[in-house]
file run.csv (CSV, C-alpha atoms)
chain,number,residue,atom,x,y,z
L,1,MET,CA,-27.2,67.4,-49.5
L,2,LYS,CA,-25.2,69.3,-46.9
L,3,LYS,CA,-22.3,67.6,-45.2
L,4,ILE,CA,-22.1,67.3,-41.4
L,5,GLY,CA,-19.3,66.3,-39.1
L,6,LEU,CA,-20.1,63.9,-36.4
L,7,ILE,CA,-18.1,63.8,-33.1
L,8,GLY,CA,-18.6,60.4,-31.5
L,9,GLY,CA,-17.0,58.0,-29.1
L,10,THR,CA,-18.8,58.9,-25.9
L,11,SER,CA,-19.8,56.1,-26.1
L,12,TYR,CA,-19.2,54.2,-29.3
L,13,HIS,CA,-22.6,52.5,-28.8
L,14,SER,CA,-24.3,55.9,-29.1
L,15,THR,CA,-22.2,56.8,-32.1
L,16,ILE,CA,-23.4,53.7,-33.9
L,17,VAL,CA,-27.0,54.6,-33.1
L,18,TYR,CA,-26.6,58.2,-34.4
L,19,TYR,CA,-24.9,57.1,-37.6
L,20,LYS,CA,-27.7,54.5,-38.3
L,21,LEU,CA,-30.5,56.9,-37.5
L,22,ILE,CA,-29.2,59.8,-39.6
L,23,ASN,CA,-28.7,57.5,-42.6
L,24,GLU,CA,-32.2,56.0,-42.2
L,25,LEU,CA,-33.9,59.4,-41.8
L,26,VAL,CA,-32.1,60.9,-44.8
L,27,GLN,CA,-32.9,57.9,-47.0
L,28,LYS,CA,-36.6,58.2,-46.0
L,29,GLU,CA,-36.6,61.9,-46.9
L,30,ILE,CA,-34.8,61.5,-50.3
L,31,GLY,CA,-36.7,58.4,-51.2
L,32,THR,CA,-33.7,56.4,-52.4
L,33,ALA,CA,-31.3,53.8,-51.0
L,34,GLY,CA,-28.5,56.5,-51.1
L,35,ASN,CA,-26.9,57.8,-48.0
L,36,PRO,CA,-25.4,61.2,-47.2
L,37,PRO,CA,-21.7,62.0,-47.1
L,38,MET,CA,-20.7,62.5,-43.5
L,39,LEU,CA,-17.4,63.0,-41.6
L,40,VAL,CA,-17.0,61.0,-38.4
L,41,TYR,CA,-14.4,61.5,-35.7
L,42,SER,CA,-14.5,59.2,-32.6
L,43,GLU,CA,-13.1,60.6,-29.4
L,44,ASN,CA,-11.8,58.3,-26.6
L,45,ILE,CA,-14.5,58.1,-23.9
L,46,GLU,CA,-11.7,58.3,-21.3
L,47,LEU,CA,-11.4,62.0,-22.2
L,48,MET,CA,-14.9,62.7,-20.9
L,49,ARG,CA,-14.4,60.5,-17.9
L,50,SER,CA,-11.3,62.5,-16.9
L,51,GLN,CA,-13.6,65.4,-16.0
L,52,ASP,CA,-10.7,67.7,-17.0
L,53,PHE,CA,-12.9,70.3,-18.6
L,54,GLU,CA,-10.0,72.4,-19.9
L,55,LYS,CA,-8.6,69.3,-21.7
L,56,ILE,CA,-12.1,68.4,-22.9
L,57,ASN,CA,-12.8,71.9,-24.3
L,58,ALA,CA,-9.5,71.9,-26.1
L,59,ALA,CA,-10.0,68.5,-27.7
L,60,TYR,CA,-13.5,69.2,-28.9
L,61,LEU,CA,-12.4,72.6,-30.4
L,62,GLN,CA,-9.5,70.9,-32.2
L,63,THR,CA,-11.8,68.2,-33.6
L,64,SER,CA,-14.5,70.7,-34.6
L,65,GLN,CA,-11.9,72.8,-36.4
L,66,MET,CA,-10.5,69.8,-38.2
L,67,LEU,CA,-14.0,68.7,-39.3
L,68,GLU,CA,-14.8,72.3,-40.5
L,69,LYS,CA,-11.5,72.4,-42.5
L,70,ALA,CA,-12.4,69.0,-44.0
L,71,GLY,CA,-15.7,70.4,-45.4
L,72,ALA,CA,-18.3,69.9,-42.6
L,73,GLN,CA,-21.1,72.5,-42.8
L,74,ALA,CA,-22.3,71.7,-39.2
L,75,ILE,CA,-21.1,69.8,-36.2
L,76,VAL,CA,-23.2,67.1,-34.5
L,77,ILE,CA,-21.9,65.9,-31.1
L,78,CYS,CA,-23.2,62.3,-30.8
L,79,ALA,CA,-24.0,62.3,-27.1
L,80,ASN,CA,-25.5,64.6,-24.4
L,81,THR,CA,-22.7,65.2,-22.0
L,82,PRO,CA,-20.1,66.6,-24.4
L,83,HIS,CA,-22.5,69.5,-25.2
L,84,LEU,CA,-21.0,71.1,-22.1
L,85,VAL,CA,-18.2,72.3,-24.6
L,86,TYR,CA,-20.7,74.3,-26.7
L,87,ASP,CA,-20.2,77.7,-25.1
L,88,TYR,CA,-16.4,77.3,-25.5
L,89,VAL,CA,-16.3,75.8,-29.0
L,90,GLN,CA,-19.1,77.5,-30.9
L,91,PRO,CA,-17.7,81.0,-30.9
L,92,LYS,CA,-14.4,79.7,-32.2
L,93,ILE,CA,-15.7,78.0,-35.3
L,94,ASN,CA,-17.5,79.3,-38.4
L,95,ILE,CA,-20.2,76.5,-38.7
L,96,PRO,CA,-23.1,75.8,-36.3
L,97,ILE,CA,-23.1,73.1,-33.7
L,98,LEU,CA,-26.5,71.6,-33.8
L,99,HIS,CA,-27.4,71.5,-30.1
L,100,ILE,CA,-29.2,68.5,-28.6
L,101,ALA,CA,-31.2,70.7,-26.3
L,102,SER,CA,-32.6,72.7,-29.2
L,103,ALA,CA,-33.8,69.6,-30.8
L,104,THR,CA,-35.4,68.5,-27.5
L,105,GLY,CA,-36.9,71.8,-26.8
L,106,ALA,CA,-38.6,72.1,-30.2
L,107,GLU,CA,-40.3,68.7,-29.7
L,108,ALA,CA,-41.4,69.5,-26.1
L,109,LYS,CA,-42.9,72.8,-27.3
L,110,SER,CA,-44.8,71.1,-30.1
L,111,LEU,CA,-46.2,68.7,-27.5
L,112,GLY,CA,-47.2,71.6,-25.2
L,113,LEU,CA,-44.9,70.4,-22.4
L,114,LYS,CA,-44.0,72.9,-19.7
L,115,THR,CA,-41.8,71.0,-17.2
L,116,LEU,CA,-39.4,68.3,-18.1
L,117,GLY,CA,-37.6,65.8,-15.9
L,118,LEU,CA,-34.0,65.2,-17.0
L,119,LEU,CA,-32.2,61.9,-16.6
L,120,GLY,CA,-28.6,61.1,-17.6
L,121,ASN,CA,-25.2,61.1,-16.0
L,122,LYS,CA,-24.2,63.6,-13.3
L,123,PRO,CA,-22.7,66.2,-15.6
L,124,THR,CA,-25.7,66.2,-17.9
L,125,MET,CA,-28.1,66.6,-15.0
L,126,THR,CA,-26.1,69.2,-13.1
L,127,LYS,CA,-24.0,71.3,-15.5
L,128,GLY,CA,-27.0,73.2,-16.8
L,129,PHE,CA,-26.3,73.2,-20.5
L,130,ILE,CA,-29.6,71.5,-21.3
L,131,PRO,CA,-31.9,73.4,-18.9
L,132,LYS,CA,-30.4,76.7,-19.9
L,133,ILE,CA,-31.4,76.4,-23.6
L,134,LEU,CA,-34.8,74.9,-22.7
L,135,LYS,CA,-35.6,77.9,-20.4
L,136,GLU,CA,-34.1,80.7,-22.5
L,137,ASP,CA,-35.3,79.5,-26.0
L,138,PHE,CA,-38.5,77.6,-25.2
L,139,GLY,CA,-39.7,78.7,-21.8
L,140,ILE,CA,-39.5,75.2,-20.4
L,141,ASN,CA,-38.5,74.4,-16.9
L,142,THR,CA,-36.3,71.4,-16.0
L,143,LEU,CA,-36.3,69.1,-12.9
L,144,ILE,CA,-33.5,66.7,-12.0
L,145,PRO,CA,-33.5,63.8,-9.5
L,146,GLU,CA,-32.9,64.5,-5.8
L,147,ALA,CA,-29.2,65.1,-4.8
L,148,HIS,CA,-28.8,61.7,-3.1
L,149,CYS,CA,-29.8,59.9,-6.4
L,150,LEU,CA,-27.5,61.7,-8.7
L,151,SER,CA,-24.4,59.6,-8.1
L,152,THR,CA,-26.4,56.4,-8.4
L,153,ALA,CA,-27.7,57.5,-11.8
L,154,HIS,CA,-24.2,58.4,-12.9
L,155,ASP,CA,-22.8,55.1,-11.9
L,156,TYR,CA,-25.5,53.2,-13.8
L,157,VAL,CA,-24.7,55.2,-16.9
L,158,SER,CA,-21.0,55.1,-16.8
L,159,ARG,CA,-20.5,51.6,-15.4
L,160,GLU,CA,-23.2,49.8,-17.3
L,161,LEU,CA,-25.1,51.6,-20.0
L,162,THR,CA,-22.0,53.1,-21.8
L,163,GLN,CA,-20.4,49.6,-21.6
L,164,GLY,CA,-23.4,48.1,-23.4
L,165,GLN,CA,-24.9,46.5,-20.3
L,166,PHE,CA,-28.7,47.0,-20.0
L,167,THR,CA,-29.9,45.4,-16.7
L,168,GLU,CA,-33.3,45.0,-15.1
L,169,GLU,CA,-31.8,46.7,-12.0
L,170,SER,CA,-30.9,49.9,-13.9
L,171,ARG,CA,-34.2,49.9,-15.6
L,172,LYS,CA,-36.1,49.7,-12.3
L,173,PHE,CA,-33.9,52.5,-10.9
L,174,PHE,CA,-34.6,54.9,-13.8
L,175,LEU,CA,-38.3,54.0,-13.8
L,176,ASN,CA,-38.5,55.0,-10.2
L,177,GLN,CA,-36.8,58.3,-10.9
L,178,MET,CA,-39.3,58.9,-13.6
L,179,ASP,CA,-42.1,58.4,-11.1
L,180,LEU,CA,-40.5,60.7,-8.6
L,181,LEU,CA,-40.0,63.5,-11.3
L,182,LYS,CA,-43.6,63.1,-12.4
L,183,ALA,CA,-44.8,63.4,-8.9
L,184,ARG,CA,-42.9,66.7,-8.6
L,185,GLY,CA,-44.6,68.1,-11.7
L,186,ALA,CA,-42.8,66.9,-14.7
L,187,ASP,CA,-45.2,66.4,-17.7
L,188,GLY,CA,-42.4,64.8,-19.8
L,189,ILE,CA,-39.1,63.1,-19.3
L,190,ILE,CA,-35.9,63.7,-21.1
L,191,LEU,CA,-33.9,60.5,-21.7
L,192,GLY,CA,-30.7,62.5,-21.6
L,193,CYS,CA,-28.2,59.7,-22.1
L,194,THR,CA,-27.9,58.2,-25.5
L,195,GLU,CA,-28.1,54.7,-24.1
L,196,LEU,CA,-31.3,55.3,-22.0
L,197,PRO,CA,-33.6,54.9,-25.1
L,198,ILE,CA,-32.0,51.6,-25.7
L,199,LEU,CA,-32.7,50.6,-22.0
L,200,PHE,CA,-36.3,51.7,-22.4
L,201,GLN,CA,-37.1,50.5,-26.0
L,202,ASN,CA,-40.6,49.0,-26.1
L,203,VAL,CA,-41.3,50.3,-22.6
L,204,ALA,CA,-44.6,52.3,-22.3
L,205,TYR,CA,-44.9,55.2,-19.9
L,206,ASP,CA,-47.8,57.5,-19.2
L,207,ILE,CA,-46.1,60.8,-20.0
L,208,PRO,CA,-43.9,61.5,-23.0
L,209,LEU,CA,-40.4,60.2,-23.0
L,210,LEU,CA,-38.2,62.4,-25.1
L,211,SER,CA,-35.2,60.6,-26.6
L,212,THR,CA,-32.6,63.2,-27.2
L,213,THR,CA,-30.8,60.8,-29.5
L,214,ASP,CA,-33.8,60.4,-31.8
L,215,LEU,CA,-34.6,64.1,-31.8
L,216,HIS,CA,-31.0,65.1,-32.3
L,217,ALA,CA,-30.5,62.7,-35.2
L,218,LYS,CA,-33.7,64.1,-36.8
L,219,MET,CA,-32.3,67.6,-36.5
L,220,ALA,CA,-29.1,66.4,-38.2
L,221,ALA,CA,-31.1,64.8,-41.0
L,222,ASP,CA,-33.1,67.9,-41.5
L,223,PHE,CA,-29.9,69.9,-41.8
L,224,ILE,CA,-28.5,67.5,-44.4
L,225,THR,CA,-31.7,67.7,-46.5
L,226,GLY,CA,-32.0,71.5,-46.2
L,227,LYS,CA,-35.1,71.6,-44.0
L,228,ILE,CA,-33.2,73.8,-41.5
call {"tool": "encode", "arguments": {"input": "run.csv", "output": "structure tokens"}}
result
Amino acid sequence: MKKIGLIGGTSYHSTIVYYKLINELVQKEIGTAGNPPMLVYSENIELMRSQDFEKINAAYLQTSQMLEKAGAQAIVICANTPHLVYDYVQPKINIPILHIASATGAEAKSLGLKTLGLLGNKPTMTKGFIPKILKEDFGINTLIPEAHCLSTAHDYVSRELTQGQFTEESRKFFLNQMDLLKARGADGIILGCTELPILFQNVAYDIPLLSTTDLHAKMAADFITGKI
């Protein structure tokens, strides 16, 4: 099995989900109770909340280089927002960063989806690092909520979901955003915050909900087992 390096901590709730999912998927593939060797480094979530992107880039580069030196054959960033470092970090290391948007785009393409609504915190929705890959690599268009809703979505993510709080109020808000995105032409919805699938577990919706966490974890497991 190949060894991956996980960069977590944003939030630690999402890191737990990633670690659990990757182990379960690899166990299912290899057919034993064994688990793959992985390297895990947990960043302080306050780094991302600082919005100091020079500092964020430098920290993720340092961590990626450390994991590479320690034997990682690929990097998995265990959250959506930190993928904004990809363009800065990837050219400076010698192993691939398995991009969350690539995992999402492959699934959307397999389902025949053409336009995806994107939900998450404000940087994830507005910085373009997910829509760019979806458009360039898969020909998929992306819609985000109306401008006046972006700050509210961000507040629910940062003040509740990443703190492990999953309220009916936040669930209703994001369901309404799904309805609005669908009305504008979305034929699928990206749950672009690792905690959103937790918020919507066991909730049915009439167009596909793409959990970036699940799809990214599967990509990681496929890399470990040599499928990609």
call {"tool": "closest_residue", "arguments": {"input": "run.csv", "among": "L:Gly120, L:Gly9, L:Gly128, L:Pro145", "to": "Glu46 of chain L", "atoms": "all atoms listed in the file"}}
result
L:Gly9
call {"tool": "residues_around", "arguments": {"input": "run.csv", "residues": "His154 of chain L", "least_positions_apart": "5", "cutoff": "9 Å", "atoms": "all atoms listed in the file", "output": "PyMOL selection string"}}
result
chain L and resi 120-123+149+159
call {"tool": "closest_residue", "arguments": {"input": "run.csv", "among": "L:Pro131, L:His148, L:Pro36, L:Glu168", "to": "Leu21 of chain L", "atoms": "all atoms listed in the file"}}
result
L:Pro36
call {"tool": "atom_distance", "arguments": {"input": "run.csv", "atom1": "atom CA of Leu119 of chain L", "atom2": "atom CA of Ile22 of chain L"}}
result
23.3 Å
call {"tool": "atom_distance", "arguments": {"input": "run.csv", "atom1": "atom CA of Thr212 of chain L", "atom2": "atom CA of Pro197 of chain L"}}
result
8.6 Å
call {"tool": "closest_residue", "arguments": {"input": "run.csv", "among": "L:Ile7, L:Leu161, L:Leu84, L:Ile93", "to": "Ile56 of chain L", "atoms": "only C-alpha atoms"}}
result
L:Leu84
call {"tool": "closest_residue", "arguments": {"input": "run.csv", "among": "L:Ile190, L:Ala106, L:Met66, L:Ile140", "to": "Met125 of chain L", "atoms": "all atoms listed in the file"}}
result
L:Ile190
call {"tool": "atom_distance", "arguments": {"input": "run.csv", "atom1": "atom CA of Ile133 of chain L", "atom2": "atom CA of Gln201 of chain L"}}
result
26.6 Å
call {"tool": "closest_residue", "arguments": {"input": "run.csv", "among": "L:Arg184, L:Ala74, L:Ala153, L:Leu61", "to": "Glu169 of chain L", "atoms": "only C-alpha atoms"}}
result
L:Ala153
call {"tool": "residues_around", "arguments": {"input": "run.csv", "residues": "Val17 of chain L", "least_positions_apart": "6", "cutoff": "9 Å", "atoms": "all atoms listed in the file", "output": "PyMOL selection string"}}
result
chain L and resi 78+194+213
call {"tool": "residues_around", "arguments": {"input": "run.csv", "residues": "Pro208 of chain L", "least_positions_apart": "5", "cutoff": "10 Å", "atoms": "all atoms listed in the file", "output": "list in words"}}
result
Ala108, Leu111, Leu113, Leu116, Ala186, Asp187, Gly188, Ile189 and Ile190 of chain L
call {"tool": "closest_residue", "arguments": {"input": "run.csv", "among": "L:Thr32, L:Ala103, L:Ala70, L:Asp87", "to": "Asp222 of chain L", "atoms": "only C-alpha atoms"}}
result
L:Ala103
call {"tool": "residues_around", "arguments": {"input": "run.csv", "residues": "segment 27-31 of chain L", "least_positions_apart": "6", "cutoff": "12 Å", "atoms": "all atoms listed in the file", "output": "number ranges by chain"}}
result
L: 1, 20-21, 37, 218, 221-227
call {"tool": "write_last_selection", "arguments": {"input": "run.csv", "atoms": "C-alpha atoms", "output": "compact mmCIF listing (two decimals), keeping the file's coordinate frame"}}
result
# COMPACT_ATOMS: atom_id res chain seq x y z
CA MET L 1 -27.20 67.40 -49.50
CA LYS L 20 -27.70 54.50 -38.30
CA LEU L 21 -30.50 56.90 -37.50
CA PRO L 37 -21.70 62.00 -47.10
CA LYS L 218 -33.70 64.10 -36.80
CA ALA L 221 -31.10 64.80 -41.00
CA ASP L 222 -33.10 67.90 -41.50
CA PHE L 223 -29.90 69.90 -41.80
CA ILE L 224 -28.50 67.50 -44.40
CA THR L 225 -31.70 67.70 -46.50
CA GLY L 226 -32.00 71.50 -46.20
CA LYS L 227 -35.10 71.60 -44.00
call {"tool": "residues_around", "arguments": {"input": "run.csv", "residues": "Ala59 of chain L", "least_positions_apart": "5", "cutoff": "9 Å", "atoms": "all atoms listed in the file", "output": "PyMOL selection string"}}
result
chain L and resi 43+47+54+64
call {"tool": "residues_near_point", "arguments": {"input": "run.csv", "point": "(-42.8, 53.8, -20.6)", "cutoff": "12 Å", "atoms": "only C-alpha atoms", "output": "MDAnalysis selection string"}}
result
chainID L and resid 171:172 174:176 178:179 188:189 191 196:197 199:211
